[in-house]
Amino acid sequence: MSLILLASFVFLLMPIFLLLYIRSYNQHKKNHVLEKQNMQQIFESEMLQTRIEVQDQTMQSIATELHDNVGQLLSLTTLTLNSVNINDAEKAKKKIDNSLSLVNKSIKELRELAKLLHGEQLVENGIGNAIDQEINWLNKTGAYELKTNNLLVEKQITSPNKDLIILRLLQEIINNIIKHAQATQIQIDAYLQNDTLHLKVTENGIGFNPDEIKAQKSGMGLNSIYKRIEMIDGKLALNSAPGEGTSIAIEIPYP
Amino acid sequence: MIGRIDIPLDIFKILKYILPTSASYAELLCLVFAIYFLSKDKNPFWRITIWYLVIVMVTETAGKYCALTYRTNLFVLNIYTLFEVSYVTYGFYTFIKQYADIKKWIIAIYGVIILIYITFTAIYGIHVYNAFTISIMSVVFVIYGLFYFYLLLKDEDYIDLKFHAAFWWVGGALIFYFGSTLANFFDDIIQQKFLGKYNTRSIIYTTLNFFLYGLWAYSFICRARQRK
């Protein structure tokens, strides 16, 4: 009799333990959900930061263009027009023609600028076009001998979040080259192979020791580049040595 | 053959039938909770719950009355089993359908249990305790309960189980039906006295009732909270 009572007690305990187990498992599930939410939040804030940086970069480019290019052209136009002597019809005609051509050039430059302003939205038209825009801008500075091979322009597939990050990575790499590399040649390759986007930037600048730069926390925005690459499951290979230029190869699962 | 015992009814006798015994305190408490927390509920299952608990209390009272008057109350328990199997099946259906479509299975299994019940009653009569049907029913409910928990664990969404009415309702039912498995199988033996004084059956069922109705009462609180 007491055996049955004891066995019944055990039978009673089993479902109670089952309930306790389910509750503890559920707690783990809660932690997992919270972790996922947290990661999503970090991702979103990082995306926002990237978007702001892309906008900043565009604004900076526009300011530089306005100051160095359009501003100069218009100043020259004013000078030329000021020096027009209407009594000397022949010279005056020449100067006015010159001014007209300067104004036309300014208009052309402004159109280019408008395109650059669109550049930020260009990401919506595909990463290929955005990269092209970036290369055009770099080309216009005339400071570098550029070799480009952008095979992404014809591709129809897009991945908005990744595109934005890739564009920002390229901007950051180009910025680093302009600020630190003292390069004369830059080669940019972009293509898609086996659902992986490859982006490779090589230059012949002064180079650096990657380990030293990585150890410095602020190191040329490299930390931010690595963080963002990681965010979209990408890989980055950096090759550089003092005096031997730098090459950065990025691989990102795409789309 | 059931013979009526002619005992004149007085007010104390009537009170004896109506007042709860130690075994039915939990049921009464559960009914009070159900009326208080579920009377405004629009969901058919929770509304039926109140009426089911009324039937449980009526069965208790009728059972006591019949035990004293006819010396047997087994036919009351046997009739009550029909309500029990229907209500608990409906409960499991209500909760499992949120995760899986097993309507046809549940209806088929319900039909088989009813068939077993009718066959048993036809063979042995209404005055023999239908332990066979109750055993089958308990096993089926245990499977439903475990299946519900399996689906709950598999589900990716997080639910706060502390205030999840379905979890506590199923938990109560699982403890009761799993815990009573042995009692059902050894129904004849456990009617004997334990330590010369206590009825083993009564000890087991009082404990199980305490868990079942206690957890159900708590699930009603959770349900009222969910409704808000």
# chains A, B, ... in the order shown; residues from 1 in each chain; ligands from 1
>>> interface_residues(of="chain A", to="chain B", cutoff="6 Å", atoms="only C-alpha atoms", output="PDB file with C-alpha atoms, in the first residue's frame")
ATOM      1  CA  SER A   8       1.988   7.968  -6.894  1.00  0.00           C
ATOM      2  CA  PHE A  11       4.278  10.242 -10.523  1.00  0.00           C
ATOM      3  CA  LEU A  12       3.112  13.521  -9.043  1.00  0.00           C
ATOM      4  CA  PRO A  15       5.097  16.579 -14.105  1.00  0.00           C
ATOM      5  CA  LYS A  30      13.687  35.044 -23.195  1.00  0.00           C
TER       6      LYS A  30
END
>>> residues_around(residues="Gly214 (chain B)", least_positions_apart="3", cutoff="10 Å", atoms="only C-alpha atoms", output="VMD selection string")
chain B and resid 26 to 27 29 to 30 33 168 to 169 172 208 to 211 217 to 219
>>> write_last_selection(atoms="C-alpha atoms", output="tab-separated table (two decimals), in the first residue's frame")
chain	number	residue	atom	x	y	z
B	26	ALA	CA	-10.02	23.15	-3.71
B	27	GLU	CA	-12.95	22.67	-6.10
B	29	LEU	CA	-12.21	27.72	-4.24
B	30	CYS	CA	-11.66	27.13	-7.95
B	33	PHE	CA	-12.18	32.12	-8.65
B	168	TRP	CA	-1.02	26.70	-15.92
B	169	TRP	CA	-4.29	25.10	-17.04
B	172	GLY	CA	-2.68	21.42	-13.64
B	208	LEU	CA	-4.10	15.72	-6.89
B	209	ASN	CA	-7.28	17.82	-6.60
B	210	PHE	CA	-5.33	20.38	-4.65
B	211	PHE	CA	-2.83	20.69	-7.53
B	217	ALA	CA	-7.64	28.85	-10.18
B	218	TYR	CA	-4.28	30.51	-10.80
B	219	SER	CA	-4.78	30.15	-14.57
>>> closest_residue(among="A:Asp97, A:Glu172, A:Glu53, A:Glu203", to="Tyr226 (chain A)", atoms="only C-alpha atoms")
A:Glu172
>>> closest_residue(among="A:Glu251, A:Asp88, A:Glu244, A:Glu112", to="Asp195 (chain A)", atoms="only C-alpha atoms")
A:Glu251
>>> residues_around(residues="region 48-60 of chain B", least_positions_apart="6", cutoff="12 Å", atoms="only C-alpha atoms", output="PyMOL selection string")
chain B and resi 16-42+66-67+73-88+90-91+94+169+209+213+216-217+219-220+223
>>> closest_residue(among="A:Ile42, A:Met14, A:Met231, A:Ile4", to="Asn161 (chain A)", atoms="only C-alpha atoms")
A:Met231
>>> select_by_dssp(residues="region 80-153 of chain B", states="alpha helix (DSSP H)", output="ChimeraX atom specification")
/B:80-96,103-124,131-153
>>> closest_residue(among="A:Ala183, A:Val54, A:Val153, A:Leu146", to="Leu167 (chain A)", atoms="only C-alpha atoms")
A:Val54
>>> atom_distance(atom1="CA of Leu115 (chain B)", atom2="CA of His127 (chain B)")
17.8 Å
>>> residues_around(residues="Gln185 (chain A)", least_positions_apart="2", cutoff="9 Å", atoms="only C-alpha atoms", output="PyMOL selection string")
chain A and resi 143-147+183+187+202-205
>>> write_last_selection(atoms="C-alpha atoms", output="tab-separated table (two decimals), in the first residue's frame")
chain	number	residue	atom	x	y	z
A	143	ALA	CA	45.74	63.75	-58.60
A	144	TYR	CA	45.84	60.04	-59.36
A	145	GLU	CA	46.40	57.72	-62.21
A	146	LEU	CA	43.27	55.58	-61.95
A	147	LYS	CA	42.72	52.04	-63.19
A	183	ALA	CA	49.87	57.56	-53.70
A	187	GLN	CA	43.41	50.57	-58.88
A	202	THR	CA	45.30	48.86	-54.47
A	203	GLU	CA	47.58	51.90	-54.36
A	204	ASN	CA	51.30	52.59	-54.57
A	205	GLY	CA	51.57	54.94	-51.59
>>> select_by_dssp(residues="region 6-215 of chain B", states="strand (DSSP E or B)", output="list in words")
Lys193, Phe194, Tyr198 and Asn199 of chain B
>>> write_last_selection(atoms="N, CA and C atoms", output="PDB file, in the first residue's frame")
ATOM      1  N   LYS B 193      -7.326   0.707   3.674  1.00  0.00           N
ATOM      2  CA  LYS B 193      -6.850   1.769   4.584  1.00  0.00           C
ATOM      3  C   LYS B 193      -5.336   1.755   4.668  1.00  0.00           C
ATOM      4  N   PHE B 194      -4.794   2.950   4.849  1.00  0.00           N
ATOM      5  CA  PHE B 194      -3.350   3.095   5.009  1.00  0.00           C
ATOM      6  C   PHE B 194      -3.080   3.508   6.451  1.00  0.00           C
ATOM      7  N   TYR B 198      -6.213   6.052   7.261  1.00  0.00           N
ATOM      8  CA  TYR B 198      -6.478   6.876   6.080  1.00  0.00           C
ATOM      9  C   TYR B 198      -6.752   6.019   4.849  1.00  0.00           C
ATOM     10  N   ASN B 199      -7.694   6.463   4.033  1.00  0.00           N
ATOM     11  CA  ASN B 199      -7.977   5.806   2.778  1.00  0.00           C
ATOM     12  C   ASN B 199      -6.957   6.284   1.749  1.00  0.00           C
TER      13      ASN B 199
END
>>> residues_around(residues="Lys93 (chain A)", least_positions_apart="6", cutoff="12 Å", atoms="only C-alpha atoms", output="number ranges by chain")
A: 80-81, 83-87, 99-100
